[in-house]
Each structure stands twice: as C-alpha cells, then as structure tokens.
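S.K.: Below is model-v6.cif; it holds mmCIF, C-alpha atoms.
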```cif
data_structure
#
loop_
_atom_site.label_atom_id
_atom_site.label_comp_id
_atom_site.auth_asym_id
_atom_site.auth_seq_id
_atom_site.Cartn_x
_atom_site.Cartn_y
_atom_site.Cartn_z
CA MET A 1 54.41 176.79 127.87
CA ARG A 2 53.69 173.74 129.99
CA GLU A 3 52.96 174.00 133.70
CA PRO A 4 55.29 172.82 136.47
CA THR A 5 54.70 169.40 138.01
CA LEU A 6 53.65 169.35 141.66
CA GLU A 7 54.15 166.05 143.45
CA PHE A 8 52.15 165.65 146.68
CA ARG A 9 52.13 163.16 149.55
CA PRO A 10 49.23 163.53 151.99
CA ALA A 11 49.64 163.42 155.75
CA ARG A 12 48.60 160.17 157.40
CA ASP A 13 46.59 162.12 159.96
CA GLU A 14 44.70 165.39 159.85
CA THR A 15 46.84 167.83 157.88
CA ARG A 16 48.55 170.29 160.20
CA GLY A 17 51.02 171.68 157.70
CA ILE A 18 52.63 171.28 154.28
CA ALA A 19 56.32 171.35 153.44
CA LEU A 20 56.96 172.45 149.86
CA PHE A 21 60.36 171.36 148.52
CA CYS A 22 62.13 173.40 145.83
CA HIS A 23 65.12 171.74 144.17
CA GLY A 24 68.19 173.39 142.70
CA GLY A 25 69.05 174.21 139.12
CA THR A 26 71.40 176.39 137.14
CA VAL A 27 71.91 180.02 136.22
CA ALA A 28 70.47 179.78 132.72
CA LYS A 29 68.91 176.83 130.92
CA LEU A 30 65.75 176.65 128.85
CA GLU A 31 65.33 172.89 129.06
CA PRO A 32 63.43 170.87 131.69
CA PRO A 33 65.41 169.51 134.64
CA ARG A 34 66.81 166.02 134.11
CA GLU A 35 65.14 163.31 136.17
CA ARG A 36 68.49 162.16 137.58
CA ALA A 37 69.94 165.63 138.16
CA LEU A 38 71.80 165.58 141.48
CA SER A 39 69.94 168.65 142.74
CA LEU A 40 66.62 166.88 142.25
CA VAL A 41 67.85 163.56 143.65
CA ARG A 42 69.13 165.24 146.82
CA MET A 43 65.92 167.19 147.37
CA ARG A 44 63.86 164.05 146.85
CA ALA A 45 65.93 162.34 149.57
CA ILE A 46 65.26 165.15 152.04
CA GLU A 47 61.57 165.26 151.14
CA GLN A 48 61.35 161.48 151.63
CA TYR A 49 62.98 161.73 155.06
CA VAL A 50 60.64 164.51 156.19
CA TYR A 51 57.62 162.59 154.93
CA ASP A 52 58.70 159.34 156.57
CA THR A 53 59.28 161.05 159.93
CA CYS A 54 56.45 163.59 159.92
CA ALA A 55 53.47 162.22 157.96
CA ASP A 56 52.07 160.51 161.07
CA ARG A 57 52.16 163.89 162.80
CA GLY A 58 50.02 165.69 160.24
CA ILE A 59 52.66 166.93 157.80
CA ALA A 60 52.09 166.59 154.08
CA THR A 61 54.96 167.08 151.66
CA SER A 62 55.07 168.41 148.13
CA LEU A 63 57.87 168.80 145.59
CA VAL A 64 57.77 171.13 142.62
CA ARG A 65 59.36 170.06 139.34
CA TYR A 66 60.18 173.24 137.46
CA ARG A 67 59.30 173.81 133.84
CA LEU A 68 62.89 174.84 133.14
CA ALA A 69 66.20 173.96 134.76
CA GLY A 70 67.49 177.55 134.81
CA TRP A 71 66.71 180.71 136.76
CA ASN A 72 67.03 182.61 133.50
CA GLY A 73 67.67 186.16 134.58
CA ARG A 74 64.71 188.46 134.99
CA ALA A 75 62.33 185.64 134.08
CA ALA A 76 63.14 184.06 137.48
CA ASP A 77 61.44 180.90 136.25
CA ALA A 78 61.94 178.86 139.42
CA TYR A 79 60.38 181.62 141.53
CA THR A 80 57.41 181.76 139.15
CA ASP A 81 56.98 177.99 139.51
CA VAL A 82 57.14 178.13 143.32
CA ARG A 83 54.43 180.82 143.37
CA TRP A 84 52.33 178.68 141.04
CA SER A 85 52.81 175.73 143.40
CA LEU A 86 51.69 177.77 146.40
CA GLU A 87 48.58 178.88 144.56
CA ARG A 88 47.81 175.26 143.66
CA LEU A 89 48.31 174.07 147.25
CA ARG A 90 46.01 176.80 148.55
CA ALA A 91 43.35 175.89 146.01
CA GLN A 92 43.52 172.18 146.81
CA HIS A 93 44.07 172.19 150.56
CA GLY A 94 42.52 175.38 151.84
CA THR A 95 43.79 178.72 153.02
CA ASP A 96 44.34 177.84 156.69
CA VAL A 97 47.07 175.21 156.39
CA PRO A 98 50.54 176.59 157.20
CA ILE A 99 53.24 176.05 154.58
CA VAL A 100 56.99 175.82 155.08
CA LEU A 101 59.17 176.39 152.02
CA VAL A 102 62.33 174.27 151.80
CA GLY A 103 64.75 175.14 149.01
CA HIS A 104 68.28 174.16 148.00
CA SER A 105 70.61 176.35 145.93
CA MET A 106 68.49 177.93 143.15
CA GLY A 107 65.47 176.48 144.94
CA GLY A 108 66.60 178.29 148.07
CA ARG A 109 66.61 181.54 146.13
CA ALA A 110 63.13 180.82 144.80
CA ALA A 111 61.84 179.87 148.25
CA LEU A 112 63.26 183.03 149.82
CA ARG A 113 61.71 185.15 147.04
CA ALA A 114 58.34 183.54 147.80
CA GLY A 115 58.75 183.84 151.56
CA GLY A 116 56.20 186.62 151.88
CA GLU A 117 53.41 184.71 150.14
CA PRO A 118 50.15 183.95 152.03
CA GLN A 119 50.29 180.94 154.40
CA VAL A 120 54.08 180.67 154.26
CA ARG A 121 55.16 180.38 157.90
CA SER A 122 58.88 180.05 157.32
CA VAL A 123 61.62 179.44 154.79
CA CYS A 124 64.28 176.77 155.28
CA ALA A 125 67.07 177.63 152.84
CA LEU A 126 69.83 175.08 152.21
CA ALA A 127 73.00 176.50 150.63
CA PRO A 128 70.82 179.16 148.98
CA TRP A 129 72.04 181.02 145.91
CA THR A 130 71.48 184.61 147.00
CA PRO A 131 73.35 187.02 144.71
CA PRO A 132 74.11 190.54 145.94
CA GLY A 133 71.00 192.70 145.85
CA GLU A 134 68.54 189.81 146.22
CA PRO A 135 65.35 191.37 147.72
CA VAL A 136 64.72 191.02 151.45
CA ALA A 137 62.04 193.58 152.40
CA HIS A 138 59.19 191.09 151.82
CA LEU A 139 60.61 188.83 154.56
CA ARG A 140 59.86 191.29 157.35
CA GLY A 141 58.37 189.35 160.28
CA GLN A 142 59.14 186.00 158.63
CA THR A 143 61.22 183.18 160.13
CA VAL A 144 64.18 182.25 157.92
CA ALA A 145 66.45 179.30 158.76
CA ILE A 146 69.61 178.96 156.66
CA LEU A 147 72.11 176.08 156.58
CA HIS A 148 75.22 176.37 154.40
CA GLY A 149 78.35 174.27 153.89
CA ARG A 150 81.53 176.09 154.77
CA GLY A 151 83.37 174.40 151.89
CA ASP A 152 80.73 175.17 149.25
CA ARG A 153 82.53 175.94 145.96
CA TRP A 154 79.39 176.37 143.84
CA VAL A 155 77.57 178.87 146.04
CA PRO A 156 79.98 180.44 148.55
CA ALA A 157 78.68 180.61 152.10
CA SER A 158 79.54 184.33 152.14
CA LEU A 159 76.51 184.95 149.91
CA SER A 160 74.03 183.62 152.46
CA ALA A 161 75.93 185.44 155.23
CA ASP A 162 75.39 188.76 153.46
CA PHE A 163 71.77 187.88 152.72
CA ALA A 164 71.13 186.93 156.36
CA VAL A 165 72.42 190.27 157.63
CA ARG A 166 70.35 192.25 155.14
CA ALA A 167 67.22 190.19 155.81
CA GLN A 168 67.57 190.66 159.55
CA ARG A 169 68.01 194.40 159.11
CA ALA A 170 64.81 194.38 157.06
CA GLY A 171 62.93 192.80 159.98
CA ALA A 172 63.16 189.07 159.27
CA HIS A 173 63.84 186.58 162.07
CA VAL A 174 66.96 184.85 160.81
CA ALA A 175 68.88 181.84 162.11
CA ARG A 176 71.93 180.94 160.05
CA PHE A 177 74.14 177.89 160.55
CA THR A 178 77.22 176.57 158.79
CA VAL A 179 78.40 172.98 158.58
CA ALA A 180 81.47 171.18 157.27
CA GLY A 181 80.98 170.12 153.67
CA GLY A 182 80.08 171.41 150.26
CA HIS A 183 77.11 172.18 148.05
CA SER A 184 75.70 168.68 147.51
CA MET A 185 74.70 168.17 151.18
CA LEU A 186 76.19 164.66 151.07
CA ARG A 187 78.66 165.09 153.92
CA ARG A 188 76.79 164.68 157.22
CA ALA A 189 73.61 164.16 155.22
CA LEU A 190 71.55 163.22 158.27
CA LEU A 191 72.32 166.60 159.84
CA TRP A 192 70.84 168.38 156.81
CA HIS A 193 67.80 166.10 156.88
CA THR A 194 67.07 166.49 160.59
CA PHE A 195 67.57 170.26 160.41
CA VAL A 196 64.84 170.49 157.79
CA ARG A 197 62.55 168.14 159.70
CA ASP A 198 62.90 170.13 162.92
CA VAL A 199 62.23 173.48 161.22
CA VAL A 200 59.17 172.06 159.46
CA LEU A 201 57.72 170.61 162.67
CA ALA A 202 58.33 173.81 164.63
CA CYS A 203 57.09 176.26 162.05
CA THR A 204 53.87 174.32 161.45
CA GLY A 205 53.21 174.36 165.20
CA VAL A 206 53.64 170.62 165.76
CA GLU A 207 56.70 170.92 168.04
CA PRO A 208 58.58 173.72 169.82
CA MET A 209 61.54 175.15 167.92
CA ARG A 210 64.83 173.42 168.73
CA ALA A 211 67.07 175.27 171.16
CA ASP A 212 69.95 176.07 168.80
CA VAL A 213 67.59 177.71 166.31
CA VAL A 214 65.94 179.73 169.08
CA ASP A 215 69.40 180.86 170.20
CA ALA A 216 70.42 181.81 166.68
CA LEU A 217 67.20 183.76 166.11
CA GLU A 218 68.12 185.92 169.07
CA ARG A 219 71.64 186.73 167.85
CA PRO A 220 72.16 190.32 166.68
CA SER A 221 74.09 189.45 163.51
CA PRO A 222 73.36 186.10 161.82
CA GLY A 223 75.98 186.68 159.13
CA GLY A 224 78.87 187.46 161.44
CA LEU A 225 77.90 185.08 164.22
CA ALA A 226 76.77 182.00 162.33
CA VAL A 227 76.48 178.90 164.49
CA ARG A 228 78.65 175.97 163.45
CA LEU A 229 76.95 172.57 163.44
#
```
Turn the structure described in the file into structure tokens.

M.R.:
Amino acid sequence: MREPTLEFRPARDETRGIALFCHGGTVAKLEPPRERALSLVRMRAIEQYVYDTCADRGIATSLVRYRLAGWNGRAADAYTDVRWSLERLRAQHGTDVPIVLVGHSMGGRAALRAGGEPQVRSVCALAPWTPPGEPVAHLRGQTVAILHGRGDRWVPASLSADFAVRAQRAGAHVARFTVAGGHSMLRRALLWHTFVRDVVLACTGVEPMRADVVDALERPSPGGLAVRL
C-alpha cells in the first residue's frame, strides 16, 4: 500500500515548533481522499492561516494527506497515517522540536489518539469525532484544547463533552469550548482559525497561553462547564 503524503512548509526563522494538520474523513472508505473534499479544503485554509501568521515566528506547518478517506474500524487508518507523519517529522527535523497536532473531525480523533507520541506538546481538536470508549489514558499530563460547534449535526458536541470529562479524569489538562455553528467551521471561520493559531503559539512556547484557555484548563469539569465563544 502506498504511503501517506506529508506536505511541509518551513518556518521563515529558526524552527521553534511544528503544527501538524490532520483533516477529516469518513467512517469507512477504502479510496484516497478527494482533492476538493470539503474536510481537506477547510483544513488547508486553517493551515494556511497559521503559516501566514506564524512562520515569521519560527513555526513550520505540515499537513498529512491520508492514504484512505475512511477510519475503517480497527484499522484506524488515519491514526496510522498521523503516527507515520510524526515519525517522518522527527526523522527530518530532529527530536527536540515541539509538535502540536491539529485535527478536525476524523482528523481530531486521529490527533487525539496520537496525543501521547514523543514531542507532541498538545492536541488542538476541532469538532473531533470521539465515539464512546475512545481511549484517553495516554493523554495523561497532556494539554488538550477542544473547539466544537453547538449546532454540529455530523458529530454532536456531546461526544467531545463526554471525551473531555473522561480525558480530564485520566489526568489530561483539558480546555473545551463551544461556538455557534456546525461541523464545517464556516460560520465565524476567523474564530476557528485564531483559536488554532493561539494554541499552536502557546504550546510551542512562542507566546503565553491566552487567558480564556488558561481559565478553561483550571475548570473542574470541561464537559459540563464548556466555555461559549
């Protein structure tokens, strides 16, 4: 089987961190993602925004194109491809550069699964598809920032609420926010973009964490007390 495709844009200054973007997909599909699939187009837009606003500050960006468009049950193909991408980034850019995983929908699930991998400093999960029973123990000590649309009909926000509570109980540092809008992240798009940018800059050590995320990280129950943006 062919390998995933890993697109990479270098920082314009000394590399201080890498943001790895993981696009969405579908439950089961054994064909490659379409080039114009909305999930890929939206993730490219967020990656472009982060690169444009952060490359001068030492942030490189990378986007993984999965081999297959589906999660595909126990094969968890997207997760496998994200792990492959992390291994490739470590091999090419060294083992000291912090990495922030950014994933939407199925990509959010894959990013959260890979959140315990070496060099991963945080996971920024956008409307993540987190079915009941999704593992959380590996996220102990990790920073997890979640943003989910309250009107999401494809991946209900209740799924990430349950995941956030379980992850926090397992020892993760979780900040969960909800926003008006649905799964495509088109409504209030700039809010989604700036949220990702701010998490990337903070978790690579370039800037302090923004105040609302710090507040949310200190809340006792991220699922029941999600902050509305």

S.K.: Given the file shown, enumerate the residues that the PyMOL selection byres ((chain A and resi 109) around 6) captures and present them as a list in words.

M.R.: Met106, Gly107, Gly108, Ala110, Ala111, Leu112, Pro128, Trp129 and Thr130 of chain A

S.K.: Let's have the selection written as a compact mmCIF listing (two decimals), in the frame of the given file, with C-alpha atoms.

M.R.:
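So the final result, stored in selection-v2.txt, reads:
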```txt
# COMPACT_ATOMS: atom_id res chain seq x y z
CA MET A 106 68.49 177.93 143.15
CA GLY A 107 65.47 176.48 144.94
CA GLY A 108 66.60 178.29 148.07
CA ALA A 110 63.13 180.82 144.80
CA ALA A 111 61.84 179.87 148.25
CA LEU A 112 63.26 183.03 149.82
CA PRO A 128 70.82 179.16 148.98
CA TRP A 129 72.04 181.02 145.91
CA THR A 130 71.48 184.61 147.00
```

S.K.: To test your reading of the syntax: which residues would the PyMOL selection byres ((chain A and resi 79-83) around 10) return for the file shown? Reply as a short mmCIF file (atom, residue, chain, number, x, y, z; two decimals) with C-alpha atoms, in the frame of the given file.

M.R.:
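Written file, selection_20.cif:
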```cif
data_model
loop_
_atom_site.label_atom_id
_atom_site.label_comp_id
_atom_site.auth_asym_id
_atom_site.auth_seq_id
_atom_site.Cartn_x
_atom_site.Cartn_y
_atom_site.Cartn_z
CA GLU A 3 52.96 174.00 133.70
CA PRO A 4 55.29 172.82 136.47
CA THR A 5 54.70 169.40 138.01
CA LEU A 6 53.65 169.35 141.66
CA LEU A 20 56.96 172.45 149.86
CA PHE A 21 60.36 171.36 148.52
CA CYS A 22 62.13 173.40 145.83
CA LEU A 63 57.87 168.80 145.59
CA VAL A 64 57.77 171.13 142.62
CA ARG A 65 59.36 170.06 139.34
CA TYR A 66 60.18 173.24 137.46
CA ARG A 67 59.30 173.81 133.84
CA LEU A 68 62.89 174.84 133.14
CA TRP A 71 66.71 180.71 136.76
CA ALA A 75 62.33 185.64 134.08
CA ALA A 76 63.14 184.06 137.48
CA ASP A 77 61.44 180.90 136.25
CA ALA A 78 61.94 178.86 139.42
CA TRP A 84 52.33 178.68 141.04
CA SER A 85 52.81 175.73 143.40
CA LEU A 86 51.69 177.77 146.40
CA GLU A 87 48.58 178.88 144.56
CA ARG A 88 47.81 175.26 143.66
CA LEU A 89 48.31 174.07 147.25
CA LEU A 101 59.17 176.39 152.02
CA GLY A 103 64.75 175.14 149.01
CA MET A 106 68.49 177.93 143.15
CA GLY A 107 65.47 176.48 144.94
CA GLY A 108 66.60 178.29 148.07
CA ARG A 109 66.61 181.54 146.13
CA ALA A 110 63.13 180.82 144.80
CA ALA A 111 61.84 179.87 148.25
CA LEU A 112 63.26 183.03 149.82
CA ARG A 113 61.71 185.15 147.04
CA ALA A 114 58.34 183.54 147.80
CA GLY A 115 58.75 183.84 151.56
CA GLU A 117 53.41 184.71 150.14
#
```

S.K.: Hey, which of A:Ile18, A:Ala55, A:Ile146, A:Ala216 ends up closest to A:Gly94? Count all atoms listed in the file.

M.R.: A:Ile18

S.K.: Return the single residue from A:Ala28, A:Ala11, A:Leu139, A:Ala60 that is closest to A:His173, with distances computed using all atoms listed in the file.

M.R.: A:Leu139

S.K.: Just say which residues the PyMOL selection byres ((chain A and resi 127) around 8) picks in this file, as number ranges by chain.

M.R.: A: 104-105, 108, 125-126, 128-129, 146-149, 152, 155, 157, 160, 183

S.K.: Rounded to one decimal in Å, what is the spacing between atom CA of A:Pro98 and atom CA of A:Arg176?

M.R.: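 About the pair atom CA of A:Pro98 and atom CA of A:Arg176: they are 22.0 Å apart.
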
S.K.: From the list A:Asp52, A:Ala164, A:His23, A:Val200, which residue is nearest A:Leu40 when using only C-alpha atoms?

M.R.: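 Checking each candidate against A:Leu40, we get A:His23 as the closest.
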
S.K.: When you count all atoms listed in the file, which of these residues is closest to A:Glu14: A:Pro208, A:Gly58, A:Gly70, A:Pro135?

M.R.: A:Gly58

S.K.: Measure the distance from atom CA of A:Ala175 to atom CA of A:Val144 in Å and round it to one decimal.

M.R.: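 Atom CA of A:Val144 lies at a distance of 6.3 Å from atom CA of A:Ala175.
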